[in-house]
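Novice: So I've got this file, data.txt, and it contains compact mmCIF, C-alpha atoms:
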```txt
# COMPACT_ATOMS: atom_id res chain seq x y z
CA MET A 150 99.34 42.21 -236.04
CA TYR A 151 97.18 39.37 -234.71
CA ALA A 152 95.70 36.40 -236.55
CA VAL A 153 92.55 34.36 -235.96
CA VAL A 154 93.26 30.67 -236.52
CA THR A 155 91.68 27.26 -235.86
CA LEU A 156 93.94 24.70 -234.14
CA LEU A 157 93.26 21.59 -236.22
CA ASP A 158 94.08 19.11 -233.45
CA SER A 159 91.44 20.50 -231.10
CA ASP A 160 89.25 22.51 -233.52
CA GLU A 161 89.57 25.53 -231.20
CA VAL A 162 89.35 29.04 -232.66
CA MET A 163 92.18 31.13 -231.18
CA VAL A 164 93.96 34.48 -231.51
CA ALA A 165 97.73 34.41 -232.07
CA PRO A 166 100.39 37.02 -232.86
CA SER A 167 101.06 37.02 -236.59
CA HIS A 168 104.80 36.40 -236.09
CA TRP A 169 103.99 33.02 -234.48
CA LEU A 170 102.64 31.78 -237.84
CA SER A 171 104.76 30.00 -240.44
CA PRO A 172 105.25 31.81 -243.79
CA ASP A 173 102.62 29.62 -245.48
CA LYS A 174 100.22 30.21 -242.55
CA LYS A 175 99.60 26.50 -242.12
CA GLN A 176 101.37 26.16 -238.77
CA CYS A 177 101.66 28.23 -235.62
CA TYR A 178 103.89 28.19 -232.56
CA TRP A 179 101.82 27.63 -229.44
CA PRO A 180 102.80 28.29 -225.80
CA PRO A 181 103.15 25.22 -223.56
CA PHE A 182 101.61 27.00 -220.57
CA LYS A 183 98.84 25.19 -218.71
CA SER A 184 97.40 28.44 -217.38
CA THR A 185 94.85 30.03 -219.73
CA GLU A 186 95.66 33.45 -218.29
CA LYS A 187 99.37 33.00 -219.00
CA CYS A 188 98.66 31.95 -222.59
CA MET A 189 96.42 34.99 -223.07
CA GLU A 190 99.12 37.25 -221.66
CA ALA A 191 101.68 35.75 -224.04
CA VAL A 192 99.38 36.41 -226.98
CA GLN A 193 98.55 39.98 -225.99
CA ASN A 194 102.20 40.86 -225.35
CA ARG A 195 103.29 39.14 -228.58
CA ILE A 196 106.26 37.53 -226.82
CA THR A 197 108.92 35.50 -228.62
CA ALA A 198 107.73 31.94 -229.28
CA GLU A 199 110.25 30.19 -227.05
CA THR A 200 110.92 29.23 -223.45
CA GLY A 201 114.52 29.19 -222.23
CA LYS A 202 115.65 29.76 -225.83
CA LYS A 203 113.85 26.56 -226.83
CA PRO A 204 111.19 27.13 -229.56
CA TRP A 205 107.63 26.09 -228.77
CA GLU A 206 105.83 23.26 -230.52
CA LYS A 207 104.30 24.05 -233.90
CA LEU A 208 100.64 23.13 -234.37
CA ASN A 209 98.76 22.70 -237.63
CA ILE A 210 96.23 25.48 -238.16
CA ARG A 211 93.58 26.84 -240.48
CA PHE A 212 94.21 30.56 -241.03
CA HIS A 213 91.17 32.87 -241.11
CA ARG A 214 92.20 36.55 -241.03
CA GLU A 215 94.65 39.09 -239.61
CA TYR A 216 93.82 42.17 -237.54
CA VAL A 217 95.79 45.22 -236.48
CA THR A 218 94.81 45.14 -232.80
CA PHE A 219 94.16 42.41 -230.25
CA ASP A 220 90.63 43.69 -229.55
CA LYS A 221 89.72 43.52 -233.23
CA ALA A 222 91.15 40.01 -233.41
CA LYS A 223 88.98 38.95 -230.43
CA GLU A 224 85.92 40.24 -232.26
CA GLY A 225 86.97 38.27 -235.35
CA GLN A 226 87.47 35.17 -233.19
CA GLN A 227 83.88 35.42 -231.93
CA VAL A 228 82.56 35.79 -235.48
CA VAL A 229 84.37 32.62 -236.62
CA LYS A 230 83.11 30.69 -233.58
CA GLU A 231 79.52 31.70 -234.32
CA GLN A 232 79.92 30.75 -237.99
CA LYS A 233 81.25 27.30 -237.03
CA GLU A 234 78.39 26.78 -234.59
CA ARG A 235 75.77 27.78 -237.16
CA SER A 236 77.35 25.52 -239.80
CA PHE A 237 77.33 22.58 -237.40
CA LEU A 238 73.72 23.11 -236.33
CA LEU A 239 72.52 23.46 -239.91
CA ALA A 240 74.50 20.39 -241.02
CA THR A 241 72.98 18.23 -238.27
CA GLY A 242 69.44 19.60 -238.59
CA PHE A 243 69.50 20.41 -234.87
CA SER A 244 69.00 24.12 -235.34
CA PRO A 245 67.34 26.14 -232.58
CA ILE A 246 65.95 28.38 -235.32
CA LEU A 247 64.06 25.40 -236.72
CA LYS A 248 62.68 24.52 -233.28
CA ARG A 249 61.65 28.14 -232.63
CA GLN A 250 59.94 28.42 -236.01
CA ARG A 251 57.97 25.24 -235.37
CA LEU A 252 56.92 26.46 -231.93
CA GLU A 253 55.93 29.91 -233.21
CA SER A 254 53.95 28.29 -236.03
CA THR A 255 52.04 26.13 -233.55
CA GLN A 256 51.35 29.05 -231.23
CA GLU A 257 50.08 31.16 -234.13
CA MET A 258 47.78 28.34 -235.22
CA LEU A 259 46.41 28.00 -231.70
CA LYS A 260 45.70 31.74 -231.47
CA HIS A 261 43.58 31.64 -234.62
CA GLN A 262 41.78 28.44 -233.65
CA ARG A 263 41.12 29.31 -229.98
CA PRO A 264 37.39 28.96 -229.20
CA PRO A 265 35.66 32.31 -228.53
CA ALA A 266 35.37 33.41 -224.91
CA PRO A 267 31.85 33.15 -223.49
CA THR A 268 29.88 36.39 -223.19
CA ALA A 269 27.53 37.39 -220.43
CA SER A 270 24.53 36.29 -222.51
CA THR A 271 25.96 32.84 -223.22
CA SER A 272 27.34 31.80 -219.87
CA ARG A 273 26.22 28.23 -220.49
CA MET A 274 26.90 26.38 -223.75
CA SER A 275 24.33 24.18 -225.39
CA ALA A 276 25.04 20.51 -226.09
CA ASP A 277 25.64 21.31 -229.78
CA ASP A 278 28.14 24.06 -228.88
CA ASN A 279 29.92 21.69 -226.56
CA ASN A 280 30.20 19.05 -229.29
CA GLU A 281 31.59 21.62 -231.71
CA LEU A 282 34.19 22.67 -229.16
CA LEU A 283 35.23 19.06 -228.59
CA LYS A 284 35.57 18.52 -232.35
CA MET A 285 37.72 21.63 -232.67
CA MET A 286 39.93 20.52 -229.81
CA ARG A 287 40.40 17.07 -231.37
CA TYR A 288 41.33 18.71 -234.66
CA ILE A 289 43.87 20.94 -232.93
CA LYS A 290 45.30 17.97 -231.08
CA ILE A 291 45.75 16.02 -234.34
CA THR A 292 47.41 19.04 -235.96
CA VAL A 293 49.80 19.45 -233.04
CA GLN A 294 50.64 15.74 -233.14
CA GLU A 295 51.36 15.98 -236.88
CA ASN A 296 53.72 18.91 -236.25
CA SER A 297 55.36 16.88 -233.49
CA ALA A 298 55.84 13.93 -235.84
CA MET A 299 57.34 16.20 -238.51
CA LEU A 300 59.84 17.62 -236.03
CA LYS A 301 60.80 14.15 -234.78
CA LYS A 302 61.35 12.99 -238.35
CA LEU A 303 63.59 16.00 -239.08
CA LEU A 304 65.73 15.09 -236.08
CA GLN A 305 65.76 11.35 -236.78
CA ASP A 306 66.61 11.81 -240.48
CA ASN A 307 69.83 13.54 -239.41
CA THR A 308 70.77 10.80 -236.94
CA VAL A 309 72.61 7.69 -238.11
CA PRO A 310 71.18 4.58 -236.40
CA GLU A 311 73.78 2.59 -234.60
CA VAL A 312 73.92 -0.77 -232.83
CA PRO A 313 75.46 -0.47 -229.34
CA SER A 314 78.86 -2.02 -228.74
CA SER A 315 78.44 -5.50 -227.27
CA THR A 316 81.15 -7.68 -228.77
CA SER A 317 84.74 -7.42 -229.91
CA ILE A 318 83.93 -9.11 -233.24
CA PRO A 319 81.78 -6.87 -235.45
CA SER A 320 79.20 -8.20 -237.89
CA LYS A 321 80.26 -9.05 -241.44
CA ASP A 322 79.35 -6.79 -244.33
CA SER A 323 77.19 -8.90 -246.67
CA GLU A 324 78.80 -7.61 -249.90
CA THR A 325 82.46 -7.22 -249.00
CA ASN A 326 82.79 -9.64 -246.09
CA LEU A 327 84.51 -6.85 -244.13
CA ASN A 328 84.15 -6.55 -240.37
CA LEU A 329 82.34 -3.21 -240.32
CA PRO A 330 81.49 -1.09 -238.50
CA LEU A 331 84.18 -1.47 -235.86
CA ARG A 332 82.68 -1.18 -232.37
CA THR A 333 85.53 -1.64 -229.88
CA PHE A 334 89.22 -0.87 -229.67
CA GLU A 335 89.88 -4.62 -229.90
CA ASP A 336 88.17 -4.54 -233.30
CA VAL A 337 90.59 -1.81 -234.37
CA VAL A 338 93.62 -3.83 -233.26
CA TRP A 339 92.33 -6.86 -235.12
CA THR A 340 91.69 -4.79 -238.28
CA GLU A 341 95.14 -3.18 -238.11
CA ARG A 342 96.68 -6.66 -238.22
CA GLU A 343 94.51 -7.52 -241.22
CA LEU A 344 95.59 -4.38 -243.05
CA ASN A 345 99.22 -5.51 -242.97
CA ASP A 346 98.18 -7.87 -245.75
CA ALA A 347 98.31 -6.04 -249.09
CA THR A 348 95.30 -7.88 -250.55
CA THR A 349 93.12 -7.13 -247.53
CA ARG A 350 94.18 -3.49 -247.56
CA GLN A 351 93.26 -3.23 -251.23
CA THR A 352 89.82 -4.73 -250.47
CA TYR A 353 89.16 -2.11 -247.77
CA GLU A 354 90.41 0.69 -250.01
CA LYS A 355 88.25 -0.40 -252.93
CA TYR A 356 85.16 -0.65 -250.73
CA LEU A 357 85.67 2.76 -249.10
CA SER A 358 86.41 4.47 -252.42
CA ARG A 359 82.90 3.52 -253.62
CA ILE A 360 81.25 5.47 -250.79
CA LYS A 361 79.91 8.74 -252.17
CA GLY A 362 78.54 11.98 -250.74
CA PHE A 363 77.66 15.59 -251.50
CA GLY A 364 81.10 17.19 -251.34
CA GLN A 365 84.29 16.06 -249.62
CA LYS A 366 82.94 16.62 -246.09
CA ASP A 367 79.98 14.34 -246.78
CA VAL A 368 82.20 11.68 -248.38
CA ILE A 369 84.53 11.47 -245.36
CA LYS A 370 81.59 11.51 -242.95
CA ASN A 371 79.96 8.59 -244.79
CA ILE A 372 83.25 6.67 -244.86
CA MET A 373 83.77 7.17 -241.13
CA GLN A 374 80.19 6.08 -240.39
CA GLN A 375 80.80 2.87 -242.29
CA LEU A 376 84.08 2.24 -240.46
CA LEU A 377 83.32 2.79 -236.78
CA THR A 378 80.52 3.51 -234.35
CA ASP A 379 80.29 6.82 -232.51
CA ASP A 380 80.93 5.00 -229.21
CA LEU A 381 84.27 3.90 -230.64
CA ALA A 382 85.00 7.26 -232.32
CA MET A 383 84.74 8.90 -228.87
CA GLN A 384 87.84 6.94 -227.78
CA PHE A 385 90.00 8.65 -230.44
CA ASN A 386 91.28 12.04 -231.40
CA TRP A 387 93.87 12.95 -234.00
CA GLN A 388 97.05 13.00 -231.89
CA GLY A 389 95.94 10.86 -228.94
CA ARG A 390 95.76 13.67 -226.40
CA ASP A 391 93.81 13.70 -223.11
CA ASP A 392 94.01 9.92 -222.60
CA LYS A 393 92.53 9.20 -226.01
CA LYS A 394 94.04 7.01 -228.72
CA PRO A 395 95.78 8.56 -231.79
CA PHE A 396 93.75 8.00 -234.95
CA ALA A 397 96.50 9.57 -237.10
CA LYS A 398 98.85 6.64 -236.40
CA LEU A 399 96.51 3.90 -237.66
CA ILE A 400 97.06 2.06 -240.91
CA LEU A 401 93.31 2.48 -241.34
CA THR A 402 93.83 6.26 -241.63
CA ASP A 403 96.16 5.76 -244.59
CA VAL A 404 93.53 3.50 -246.18
CA ILE A 405 90.92 6.25 -245.78
CA ARG A 406 93.30 8.77 -247.39
CA ASP A 407 93.95 6.45 -250.33
CA ALA A 408 90.22 5.81 -250.79
CA ALA A 409 89.44 9.54 -250.57
CA SER A 410 92.16 10.40 -253.10
CA LYS A 411 90.26 8.35 -255.69
CA GLN A 412 87.50 10.93 -255.32
CA SER A 413 89.96 13.82 -255.73
CA ILE A 414 90.07 14.65 -252.00
CA THR A 415 93.50 15.84 -250.91
CA ARG A 416 95.31 14.37 -247.93
CA GLN A 417 95.05 17.64 -246.00
CA ASP A 418 91.30 17.98 -246.60
CA CYS A 419 90.77 14.32 -245.72
CA ASP A 420 92.66 14.72 -242.42
CA THR A 421 90.70 17.86 -241.57
CA GLU A 422 87.34 16.15 -242.05
CA ILE A 423 88.43 13.10 -240.04
CA LYS A 424 89.45 15.37 -237.16
CA ASN A 425 86.10 17.13 -237.29
CA TYR A 426 84.24 13.82 -237.35
CA LEU A 427 86.09 12.56 -234.26
CA TRP A 428 85.66 15.90 -232.51
CA TYR A 429 81.86 15.83 -232.82
CA ALA A 430 81.39 12.16 -231.79
CA THR A 431 80.13 13.16 -228.35
CA ASP A 432 77.58 15.57 -229.85
CA ARG A 433 76.27 12.90 -232.22
CA ILE A 434 75.78 10.46 -229.35
CA SER A 435 73.97 13.06 -227.22
CA ARG A 436 71.58 13.81 -230.11
CA LYS A 437 70.64 10.12 -230.33
CA LYS A 438 69.39 10.00 -226.73
CA PRO A 439 65.59 10.09 -226.36
CA ARG A 440 65.77 13.15 -224.11
CA ASP A 441 66.82 15.24 -227.13
CA TYR A 442 63.59 14.74 -229.05
CA GLY A 443 61.38 12.40 -227.07
CA GLY A 444 59.66 15.23 -225.20
CA VAL A 445 58.51 17.13 -228.27
CA THR A 446 54.86 16.06 -227.90
CA THR A 447 54.88 16.97 -224.22
CA LEU A 448 56.29 20.40 -225.06
CA LEU A 449 53.60 21.05 -227.65
CA ASP A 450 50.91 19.70 -225.30
CA SER A 451 52.09 22.22 -222.70
CA VAL A 452 51.86 25.04 -225.25
CA PHE A 453 48.34 23.95 -226.12
CA GLN A 454 47.30 23.77 -222.46
CA SER A 455 48.72 27.21 -221.75
CA GLU A 456 46.74 28.63 -224.67
CA ILE A 457 43.46 26.75 -224.14
CA GLY A 458 43.63 26.42 -220.36
CA MET A 459 42.81 22.69 -220.24
CA SER A 460 44.21 19.24 -221.11
CA PHE A 461 43.65 17.27 -224.32
CA ILE A 462 40.59 15.05 -224.42
CA ASP A 463 41.42 11.61 -225.81
CA ASP A 464 39.29 10.09 -228.54
```
For this file, produce the structure as structure tokens.
Specialist:
Amino acid sequence: MYAVVTLLDSDEVMVAPSHWLSPDKKQCYWPPFKSTEKCMEAVQNRITAETGKKPWEKLNIRFHREYVTFDKAKEGQQVVKEQKERSFLLATGFSPILKRQRLESTQEMLKHQRPPAPTASTSRMSADDNNELLKMMRYIKITVQENSAMLKKLLQDNTVPEVPSSTSIPSKDSETNLNLPLRTFEDVVWTERELNDATTRQTYEKYLSRIKGFGQKDVIKNIMQQLLTDDLAMQFNWQGRDDKKPFAKLILTDVIRDAASKQSITRQDCDTEIKNYLWYATDRISRKKPRDYGGVTTLLDSVFQSEIGMSFIDD
């Protein structure tokens, strides 16, 4: 038997032999091999989870489903990957389906509003016809610009504005007098020292516990956004692998757990959402760059030109 699991530390969807999983299916032995091919071979051959009679490291996992054959498990792995990708795109509003629908809608509008082709008997347009054509083109241009503005707003509404890191001392929160959001690792070190004081820790916990959201994922996301910038979040992952710093070892992480527990969010669910938030920091930053949505008008202008065969005429 083979199981499809998500490695919580890296958020990777993997196939593993069922006998590598713990009885509660919350942990899984994982081979220490650096070679991807060697790891795949170990999985396919369902070898014993040890090297030189020394058991491999156990990793925390999210179990999805078991399959009888390796090939079926690979198919299941692909399904889970696609589901995770769709969930992420829908959650961020950055769905290619949305962009395609907008583009198709614009193209359809242009087809219906395209001026009629000249016939042999009307090879030259009168001044009135020319004015009507110009009016129609201005109307189409305005409509395209409105669609462009709507698409920009959809993208911007799902992007949290953020002030770039420029100082090691973050601005004070006007209500709580807390130094949030943290922008540099020096800010984190300074806050960790503060949190050694029980009164300060209680202040942070009380403030974070008041942050709400639609479901536990939204609550943790909103808490993390209040705590640190995406530039800073990129410097962390859960265990501190690949030259990044370990978020799991911070006092601040315990404060987040305590605040989340007041909204009936378990420690395990809280940790999972924090890991996901850190994992997608790079994606959030890339979506904030102008290149991701700044060229929408140009794209729609190009569509218009390809349909009409000429450039917009400015008012």
Novice: Give the answer as one residue: which of A:Val228, A:Leu399, A:Ile434, A:Ile423 has the shortest atom-to-atom distance to Asp160 in chain A, using only C-alpha atoms?
Specialist: A:Ile423
Novice: Check the smallest atom-to-atom distance from each of A:Leu401, A:Ala382, A:Ile414, A:Leu170 to Arg342 in chain A using only C-alpha atoms, then report the winner.
Specialist: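 Of A:Leu401, A:Ala382, A:Ile414, A:Leu170, the one nearest Arg342 in chain A, counting only C-alpha atoms, is A:Leu401.
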Novice: Between CA of Gln294 in chain A and CA of Glu281 in chain A, what distance in Å does the model show, to one decimal?
Specialist: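 These two atoms are separated by 20.0 Å.
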Novice: Could you pull the residues within 6 Å of range 367-378 of chain A, counting only C-alpha atoms, minus those fewer than 5 positions along the same chain, as a list in words?
Specialist: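 The residues that qualify are Leu329, Pro330, Leu331, Arg332, Lys361 and Gly362 of chain A.
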Novice: Of the candidates A:Arg406, A:Arg214, A:Lys394, A:Lys301, which one gets nearest to Ser358 in chain A if we count all atoms listed in the file?
Specialist: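 The closest residue to Ser358 in chain A is A:Arg406.
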Novice: In Å, how far is it from CA of Asn296 in chain A to CA of Leu282 in chain A?
Specialist: 21.1 Å
Novice: Restricting the calculation to all atoms listed in the file, which member of A:Lys398, A:Arg390, A:Lys175, A:Arg287 is positioned closest to Val337 in chain A?
Specialist: A:Lys398
Novice: Using all atoms listed in the file for the distances, tell me which of A:Ile289, A:Ile405, A:Met163, A:Cys177 is nearest to Leu344 in chain A.
Specialist: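 Looking at the shortest contact to Leu344 in chain A, the residue is A:Ile405.
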Novice: Please compute the CA of Gln193 in chain A-CA of Met150 in chain A distance, one decimal, in Å.
Specialist: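 Going from CA of Gln193 in chain A over to CA of Met150 in chain A, I get 10.3 Å.
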Novice: Counting all atoms listed in the file, what is within 9 Å of Pro180 in chain A, bar same-chain residues fewer than 2 positions away, as a ChimeraX atom specification?
Specialist: /A:178,182-183,187-188,191-192,198-200,205-206
Novice: Ranking A:Tyr288, A:Lys411, A:Gln365, A:Val162 by minimum distance to Arg211 in chain A and counting all atoms listed in the file, which one comes first?
Specialist: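 Result for the nearest residue to Arg211 in chain A: A:Val162.
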